[in-house]
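I have placed the structure first, in the form of structure tokens, so that the comments after it can refer back to it.
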Amino acid sequence: MVRTPLTPEERERGERLGALLREARGGRSMVEVAASAGLSAETLRKIETGRAPTPAFFTVAAVAEALGLSLDEVQRRCAFVPA
């Protein structure tokens, strides 16, 4: 199956999500947070670096919970804001 290319806005939103998660992770290790969320460290690394800019909802929800972030906060900080 061929995946539709991401729009620039989707890529930017993925970058904002990654930055938010890195910031919220603070001094905690990637392995610790990933394990707490039930993910592999590689999956979390891809999200944080923007290589997986459109992770599944439940993946984002699990990481947000592991980091103590509400989904409202994630949405507010990562939503597309037109210029």
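Numbering starts fresh at 1 for the residues of each chain in the structure tokens, the chains themselves are lettered A, B, ... in the order given, and ligands are numbered from 1 as they appear.
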Exercise for review: Might you pull out every residue within 9 Å of Leu20 in chain A, with only C-alpha atoms counted and same-chain residues fewer than 4 positions away left off, and present them as JSON, numbers by chain?
Suggested key: {"A": [15, 16, 24, 25, 48, 74, 77, 78]}
Exercise for review: as a PyMOL selection string, please: all residues of chain A that backbone DSSP puts in alpha helix (DSSP H).
Suggested key: chain A and resi 8-25+30-37+41-49+57-67+71-78
Check your understanding: Within 10 Å of Leu71 in chain A, counting only C-alpha atoms, which residues qualify if same-chain residues fewer than 3 places away don't, as a list in words?
Key -> Phe57, Val60, Ala61, Ala62, Ala64, Glu65, Gly68, Val74, Gln75, Arg76 and Arg77 of chain A
Check your understanding: Quick one, how far is CA of Gly26 in chain A from CA of Leu6 in chain A?
Key -> 28.7 Å
Exercise for review: For Arg11 in chain A, list every protein, DNA or RNA residue within 12 Å, evaluated using only C-alpha atoms, and leave out those in the same chain fewer than 5 positions away; present the list as a ChimeraX atom specification.
Suggested key: /A:5-6,16-18,47,49-55,78-80
Would you put the residues from that selection into a file with all heavy atoms, as an mmCIF file, in the first residue's frame?
```cif
data_model
loop_
_atom_site.group_PDB
_atom_site.id
_atom_site.type_symbol
_atom_site.label_atom_id
_atom_site.label_comp_id
_atom_site.auth_asym_id
_atom_site.auth_seq_id
_atom_site.Cartn_x
_atom_site.Cartn_y
_atom_site.Cartn_z
ATOM 1 N N PRO A 5 1.964 11.182 0.722
ATOM 2 C CA PRO A 5 3.007 12.027 1.321
ATOM 3 C C PRO A 5 2.414 13.003 2.336
ATOM 4 O O PRO A 5 1.296 13.482 2.177
ATOM 5 C CB PRO A 5 3.582 12.787 0.122
ATOM 6 C CG PRO A 5 3.191 11.997 -1.071
ATOM 7 C CD PRO A 5 1.894 11.314 -0.725
ATOM 8 N N LEU A 6 3.180 13.283 3.357
ATOM 9 C CA LEU A 6 2.735 14.220 4.389
ATOM 10 C C LEU A 6 2.831 15.647 3.887
ATOM 11 O O LEU A 6 3.730 15.999 3.128
ATOM 12 C CB LEU A 6 3.595 14.071 5.643
ATOM 13 C CG LEU A 6 3.536 12.717 6.333
ATOM 14 C CD1 LEU A 6 4.534 12.676 7.474
ATOM 15 C CD2 LEU A 6 2.143 12.416 6.828
ATOM 16 N N ARG A 16 6.758 19.582 16.299
ATOM 17 C CA ARG A 16 6.313 20.180 17.558
ATOM 18 C C ARG A 16 6.014 19.102 18.596
ATOM 19 O O ARG A 16 6.353 19.261 19.771
ATOM 20 C CB ARG A 16 5.072 21.063 17.335
ATOM 21 C CG ARG A 16 5.392 22.382 16.657
ATOM 22 C CD ARG A 16 4.224 23.342 16.698
ATOM 23 N NE ARG A 16 3.039 22.848 16.018
ATOM 24 C CZ ARG A 16 2.793 22.983 14.712
ATOM 25 N NH1 ARG A 16 3.665 23.602 13.937
ATOM 26 N NH2 ARG A 16 1.679 22.513 14.186
ATOM 27 N N LEU A 17 5.411 17.997 18.167
ATOM 28 C CA LEU A 17 5.131 16.891 19.077
ATOM 29 C C LEU A 17 6.436 16.328 19.632
ATOM 30 O O LEU A 17 6.575 16.121 20.837
ATOM 31 C CB LEU A 17 4.336 15.793 18.374
ATOM 32 C CG LEU A 17 4.090 14.524 19.193
ATOM 33 C CD1 LEU A 17 3.268 14.827 20.438
ATOM 34 C CD2 LEU A 17 3.430 13.464 18.329
ATOM 35 N N GLY A 18 7.400 16.089 18.766
ATOM 36 C CA GLY A 18 8.683 15.562 19.213
ATOM 37 C C GLY A 18 9.369 16.476 20.205
ATOM 38 O O GLY A 18 9.891 16.029 21.229
ATOM 39 N N ILE A 47 9.571 9.243 17.094
ATOM 40 C CA ILE A 47 8.581 10.302 17.325
ATOM 41 C C ILE A 47 9.281 11.586 17.751
ATOM 42 O O ILE A 47 8.993 12.665 17.228
ATOM 43 C CB ILE A 47 7.548 9.860 18.384
ATOM 44 C CG1 ILE A 47 6.731 8.677 17.867
ATOM 45 C CG2 ILE A 47 6.628 11.037 18.754
ATOM 46 C CD1 ILE A 47 5.895 7.996 18.931
ATOM 47 N N THR A 49 12.277 12.610 17.163
ATOM 48 C CA THR A 49 13.125 13.203 16.129
ATOM 49 C C THR A 49 12.346 13.608 14.884
ATOM 50 O O THR A 49 12.914 14.173 13.962
ATOM 51 C CB THR A 49 14.253 12.242 15.714
ATOM 52 O OG1 THR A 49 13.671 11.047 15.186
ATOM 53 C CG2 THR A 49 15.177 11.926 16.864
ATOM 54 N N GLY A 50 11.038 13.310 14.861
ATOM 55 C CA GLY A 50 10.235 13.671 13.701
ATOM 56 C C GLY A 50 10.261 12.660 12.584
ATOM 57 O O GLY A 50 9.655 12.876 11.537
ATOM 58 N N ARG A 51 10.969 11.542 12.765
ATOM 59 C CA ARG A 51 10.996 10.500 11.727
ATOM 60 C C ARG A 51 9.676 9.745 11.671
ATOM 61 O O ARG A 51 9.403 9.064 10.693
ATOM 62 C CB ARG A 51 12.162 9.541 11.965
ATOM 63 C CG ARG A 51 13.492 10.186 11.659
ATOM 64 C CD ARG A 51 14.714 9.291 11.789
ATOM 65 N NE ARG A 51 14.499 7.880 11.695
ATOM 66 C CZ ARG A 51 14.931 6.985 12.586
ATOM 67 N NH1 ARG A 51 15.597 7.391 13.656
ATOM 68 N NH2 ARG A 51 14.706 5.713 12.425
ATOM 69 N N ALA A 52 8.853 9.853 12.711
ATOM 70 C CA ALA A 52 7.496 9.294 12.734
ATOM 71 C C ALA A 52 6.569 10.439 13.123
ATOM 72 O O ALA A 52 6.103 10.524 14.256
ATOM 73 C CB ALA A 52 7.408 8.142 13.722
ATOM 74 N N PRO A 53 6.302 11.370 12.180
ATOM 75 C CA PRO A 53 5.574 12.584 12.525
ATOM 76 C C PRO A 53 4.078 12.403 12.753
ATOM 77 O O PRO A 53 3.420 13.318 13.251
ATOM 78 C CB PRO A 53 5.833 13.503 11.330
ATOM 79 C CG PRO A 53 6.090 12.577 10.194
ATOM 80 C CD PRO A 53 6.757 11.370 10.799
ATOM 81 N N THR A 54 3.529 11.244 12.405
ATOM 82 C CA THR A 54 2.095 11.030 12.593
ATOM 83 C C THR A 54 1.846 9.716 13.340
ATOM 84 O O THR A 54 1.253 8.790 12.805
ATOM 85 C CB THR A 54 1.344 11.018 11.242
ATOM 86 O OG1 THR A 54 1.906 9.989 10.413
ATOM 87 C CG2 THR A 54 1.443 12.359 10.530
ATOM 88 N N PRO A 55 2.292 9.637 14.594
ATOM 89 C CA PRO A 55 2.075 8.405 15.355
ATOM 90 C C PRO A 55 0.586 8.198 15.639
ATOM 91 O O PRO A 55 -0.204 9.142 15.625
ATOM 92 C CB PRO A 55 2.852 8.644 16.655
ATOM 93 C CG PRO A 55 2.921 10.121 16.790
ATOM 94 C CD PRO A 55 2.959 10.667 15.383
ATOM 95 N N CYS A 78 0.623 21.314 19.954
ATOM 96 C CA CYS A 78 1.051 20.726 18.672
ATOM 97 C C CYS A 78 0.146 21.066 17.503
ATOM 98 O O CYS A 78 0.472 20.761 16.356
ATOM 99 C CB CYS A 78 1.163 19.219 18.797
ATOM 100 S SG CYS A 78 2.408 18.710 19.986
ATOM 101 N N ALA A 79 -0.995 21.673 17.751
ATOM 102 C CA ALA A 79 -1.952 21.977 16.680
ATOM 103 C C ALA A 79 -1.349 22.938 15.667
ATOM 104 O O ALA A 79 -0.519 23.778 16.010
ATOM 105 C CB ALA A 79 -3.232 22.566 17.268
ATOM 106 N N PHE A 80 -1.818 22.816 14.436
ATOM 107 C CA PHE A 80 -1.364 23.714 13.371
ATOM 108 C C PHE A 80 -1.898 25.105 13.617
ATOM 109 O O PHE A 80 -3.081 25.298 13.872
ATOM 110 C CB PHE A 80 -1.807 23.207 12.006
ATOM 111 C CG PHE A 80 -1.463 24.139 10.901
ATOM 112 C CD1 PHE A 80 -0.146 24.338 10.522
ATOM 113 C CD2 PHE A 80 -2.446 24.842 10.243
ATOM 114 C CE1 PHE A 80 0.186 25.213 9.504
ATOM 115 C CE2 PHE A 80 -2.128 25.725 9.226
ATOM 116 C CZ PHE A 80 -0.810 25.910 8.841
#
```
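Ranking A:Val2, A:Ala19, A:Ala35, A:Thr43 by their shortest atom-to-atom distance to Ala56 in chain A, with only C-alpha atoms included, puts A:Thr43 first.
Picture a line from CA of Glu9 in chain A to CA of Gly38 in chain A; it runs 28.0 Å.
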